[in-house]
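One structure is given here, and the rest of the page talks about it.
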Amino acid sequence: MIDIKNLSLVINNAVILDDISLTVNDGETIGIIGKSGSGKTMFLKTVAGLVAPSDGIVLFNGARLPKSARTAGTIVSYCGGAVPHNPDEGLYNFLLLARMSHKKALRPFSDFDRQVAEEYIQVFGLGPFRDRSIGLLPDGIFRRVLLAYALIRGAGALILDNPTNDLDIVSLKMLKKAIARYVMNGKRVALVCANDLNFITQTADRLIVMEDGRIAETGTVDMINADLVKQYFGIDVIISRNIYTGKPEIHFFPDT
């Protein structure tokens, strides 16, 4: 569980996050939407401990995130736009490094570590690329690798910032299933911010709309309607229902 209390962030006298409070329950996937500049990315980075808040507190299962990066890696896993330092690293070895927070000092990676890495290699269809250097991967496959790395870490909280960027329709399906599997044991949570509103509505259990650094609205994905999209994004859309899931689907009017 993540308990966020009165979280605020001020940078150069500009209010980036303004008194945000939120509880994320075990087993939940929270979708975060809002137009550019609404504070989504800085909110996720602050929750993940990458940015120090000006005020407020973030608790993971009742405790602050530890200062040790190694220990914190078992609690929260953040995936944003960072690029690995060594593009010559082989794909398999790179993914195995995601288990460093779980590896005992001076010991090799365990069979379980390798099993987890192999699991997500299969989940994201990375088998054909396992021996290739990550710097030589196509952009879409590289994005899958970064997402797999975040999930292989096995942290209690998974935080994904715009994970749908550069993903084709096959990769989107893989990611949706991977997130669902990640939280299905009821002991983990996921916070996902994406500009792809349809991906969020089909993936999240609960929705947060951000505006001007605040949580403007929150509820189930059923809160998505044409008026809400018009209010926060300024565009006209048509909302239908997915015939399999019953969740909202957003359709844009054709250009005239």
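A note on labels: chains of the structure tokens are A, B, ... as shown, every chain counts residues from 1, and ligands are counted from 1 in their shown order.
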
Skipping near chain neighbours, those fewer than 3 positions away, what residues fall within 10 Å of Phe129 of chain A using only C-alpha atoms, listed as number ranges by chain?
A: 90-92, 121, 125-126, 132-134, 136-137, 141-142, 145

Store the residues picked out above, limited to C-alpha atoms, as a CSV table (one decimal), in the first residue's frame.
```csv
chain,number,residue,atom,x,y,z
A,90,GLY,CA,23.7,-7.9,-23.8
A,91,LEU,CA,19.9,-8.0,-23.4
A,92,TYR,CA,19.8,-11.0,-21.0
A,121,ILE,CA,11.7,-12.3,-21.6
A,125,GLY,CA,8.5,-11.6,-26.6
A,126,LEU,CA,12.2,-10.8,-26.2
A,132,ARG,CA,21.9,-8.9,-28.9
A,133,SER,CA,23.4,-5.7,-27.4
A,134,ILE,CA,20.7,-3.4,-26.1
A,136,LEU,CA,21.4,-2.3,-31.4
A,137,LEU,CA,17.8,-3.0,-30.7
A,141,ILE,CA,12.0,-3.6,-28.8
A,142,PHE,CA,14.2,-1.4,-26.6
A,145,VAL,CA,13.3,-4.2,-22.6
```

Excluding Ile4 of chain A and residues on its chain fewer than 4 positions from it, collect all residues at most 7 Å away from it, counting only C-alpha atoms, and give them as a VMD selection string.
chain A and resid 21 to 23 57 to 59

Please provide the set of residues having any atom within 6 Å of segment 33-49 of chain A, restricted to only C-alpha atoms, with same-chain residues fewer than 2 positions apart removed, written as an MDAnalysis selection string.
chainID A and resid 51 209:213 233

Requested write-out: N, CA and C atoms of the selected residues, as a PDB file, in the first residue's frame:
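Output file result.pdb is given in full below:
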```
ATOM      1  N   VAL A  51      12.611  12.617  -6.676  1.00  0.00           N
ATOM      2  CA  VAL A  51      12.559  14.054  -6.398  1.00  0.00           C
ATOM      3  C   VAL A  51      12.075  14.237  -4.966  1.00  0.00           C
ATOM      4  N   VAL A 209      -7.410  12.186 -12.408  1.00  0.00           N
ATOM      5  CA  VAL A 209      -7.234  13.269 -13.370  1.00  0.00           C
ATOM      6  C   VAL A 209      -6.471  14.385 -12.670  1.00  0.00           C
ATOM      7  N   MET A 210      -5.332  14.771 -13.253  1.00  0.00           N
ATOM      8  CA  MET A 210      -4.529  15.844 -12.655  1.00  0.00           C
ATOM      9  C   MET A 210      -4.675  17.129 -13.460  1.00  0.00           C
ATOM     10  N   GLU A 211      -4.666  18.242 -12.740  1.00  0.00           N
ATOM     11  CA  GLU A 211      -4.708  19.564 -13.367  1.00  0.00           C
ATOM     12  C   GLU A 211      -4.019  20.558 -12.438  1.00  0.00           C
ATOM     13  N   ASP A 212      -3.072  21.314 -12.979  1.00  0.00           N
ATOM     14  CA  ASP A 212      -2.361  22.342 -12.209  1.00  0.00           C
ATOM     15  C   ASP A 212      -1.733  21.785 -10.935  1.00  0.00           C
ATOM     16  N   GLY A 213      -1.170  20.582 -11.027  1.00  0.00           N
ATOM     17  CA  GLY A 213      -0.468  20.006  -9.890  1.00  0.00           C
ATOM     18  C   GLY A 213      -1.355  19.438  -8.807  1.00  0.00           C
ATOM     19  N   PHE A 233      -9.093  18.215 -21.527  1.00  0.00           N
ATOM     20  CA  PHE A 233      -8.213  18.148 -22.693  1.00  0.00           C
ATOM     21  C   PHE A 233      -8.637  19.089 -23.816  1.00  0.00           C
TER      22      PHE A 233
END
```

Looking at only C-alpha atoms, which of A:Thr203, A:Ser8, A:Gln231, A:Thr74 is the one that sits closest to Met174 of chain A?
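Among A:Thr203, A:Ser8, A:Gln231, A:Thr74, it is A:Thr203 that comes nearest to Met174 of chain A.
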
Would you mind listing what lies within 12 Å of Phe109 of chain A as a list in words, with only C-alpha atoms counted and same-chain residues fewer than 2 positions away left out?
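So, after excluding close chain neighbours, the residues are Asn93, Leu95, Leu96, Leu97, Ala98, Arg99, Met100, Ser101, His102, Lys103, Lys104, Ala105, Leu106, Arg107, Asp111, Phe112, Asp113, Arg114, Gln115, Val116 and Ala117 of chain A.
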
Can you write out the residues you just picked, keeping N, CA and C atoms, as a compact mmCIF listing (two decimals), in the first residue's frame?
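Contents of result_31.txt, freshly written:
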```
# COMPACT_ATOMS: atom_id res chain seq x y z
N ASN A 93 21.87 -10.14 -19.92
CA ASN A 93 22.64 -9.68 -18.76
C ASN A 93 22.08 -8.37 -18.21
N LEU A 95 18.90 -7.40 -18.28
CA LEU A 95 17.68 -7.70 -17.55
C LEU A 95 17.97 -8.38 -16.21
N LEU A 96 18.99 -9.21 -16.17
CA LEU A 96 19.35 -9.88 -14.92
C LEU A 96 19.81 -8.87 -13.88
N LEU A 97 20.42 -7.76 -14.33
CA LEU A 97 20.87 -6.73 -13.39
C LEU A 97 19.70 -6.10 -12.64
N ALA A 98 18.49 -6.25 -13.15
CA ALA A 98 17.31 -5.72 -12.46
C ALA A 98 17.10 -6.40 -11.12
N ARG A 99 17.71 -7.55 -10.91
CA ARG A 99 17.57 -8.30 -9.66
C ARG A 99 18.64 -7.95 -8.64
N MET A 100 19.46 -6.94 -8.90
CA MET A 100 20.56 -6.59 -8.00
C MET A 100 20.09 -6.30 -6.58
N SER A 101 18.93 -5.67 -6.44
CA SER A 101 18.43 -5.33 -5.10
C SER A 101 18.10 -6.58 -4.29
N HIS A 102 17.88 -7.70 -4.96
CA HIS A 102 17.53 -8.95 -4.27
C HIS A 102 18.74 -9.86 -4.08
N LYS A 103 19.82 -9.60 -4.81
CA LYS A 103 20.99 -10.47 -4.78
C LYS A 103 21.80 -10.26 -3.51
N LYS A 104 22.23 -11.35 -2.88
CA LYS A 104 23.07 -11.25 -1.71
C LYS A 104 24.48 -10.84 -2.11
N ALA A 105 25.11 -10.02 -1.26
CA ALA A 105 26.45 -9.53 -1.56
C ALA A 105 27.43 -10.68 -1.75
N LEU A 106 28.28 -10.53 -2.77
CA LEU A 106 29.33 -11.50 -3.09
C LEU A 106 28.78 -12.87 -3.49
N ARG A 107 27.49 -12.94 -3.80
CA ARG A 107 26.88 -14.18 -4.25
C ARG A 107 26.42 -14.02 -5.70
N ASP A 111 18.88 -18.96 -8.81
CA ASP A 111 18.05 -19.59 -9.84
C ASP A 111 16.72 -18.86 -9.96
N PHE A 112 16.20 -18.36 -8.84
CA PHE A 112 14.94 -17.62 -8.88
C PHE A 112 15.10 -16.31 -9.65
N ASP A 113 16.24 -15.61 -9.44
CA ASP A 113 16.50 -14.38 -10.19
C ASP A 113 16.46 -14.66 -11.69
N ARG A 114 17.12 -15.73 -12.10
CA ARG A 114 17.17 -16.08 -13.52
C ARG A 114 15.79 -16.50 -14.02
N GLN A 115 15.03 -17.15 -13.17
CA GLN A 115 13.68 -17.56 -13.54
C GLN A 115 12.79 -16.35 -13.81
N VAL A 116 12.91 -15.33 -12.94
CA VAL A 116 12.11 -14.12 -13.11
C VAL A 116 12.49 -13.42 -14.41
N ALA A 117 13.80 -13.31 -14.68
CA ALA A 117 14.25 -12.69 -15.91
C ALA A 117 13.72 -13.44 -17.13
```

For atom CA of Val24 of chain A and atom CA of Leu207 of chain A, quote the distance in Å rounded to one decimal.
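Atom-to-atom, atom CA of Val24 of chain A to atom CA of Leu207 of chain A, that is 11.2 Å.
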
Among listed residues A:Ala180, A:Leu50, A:Ile238, A:Val192, nearest Leu158 of chain A (using only C-alpha atoms)
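Using only C-alpha atoms, the shortest distance to Leu158 of chain A belongs to A:Val192.
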
Distance of atom CA of Val189 of chain A from atom CA of Ala155 of chain A, expressed in Å to one decimal place:
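Distance between the two atoms: 9.1 Å.
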
Residue with smallest distance to Arg130 of chain A - pool A:Gly81, A:Phe94, A:Ala14, A:Gln202, counting only C-alpha atoms
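Comparing A:Gly81, A:Phe94, A:Ala14, A:Gln202 against Arg130 of chain A, the winner is A:Phe94.
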
What does the distance between atom CA of Arg181 of chain A and atom CA of Asn162 of chain A come to in Å, to one decimal place?
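Separating atom CA of Arg181 of chain A from atom CA of Asn162 of chain A is a distance of 19.0 Å.
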
So, counting only C-alpha atoms, which residue among A:Asp26, A:Ile20, A:Ala150, A:Asn86 is closest to Met184 of chain A?
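Nearest to Met184 of chain A: A:Asp26.
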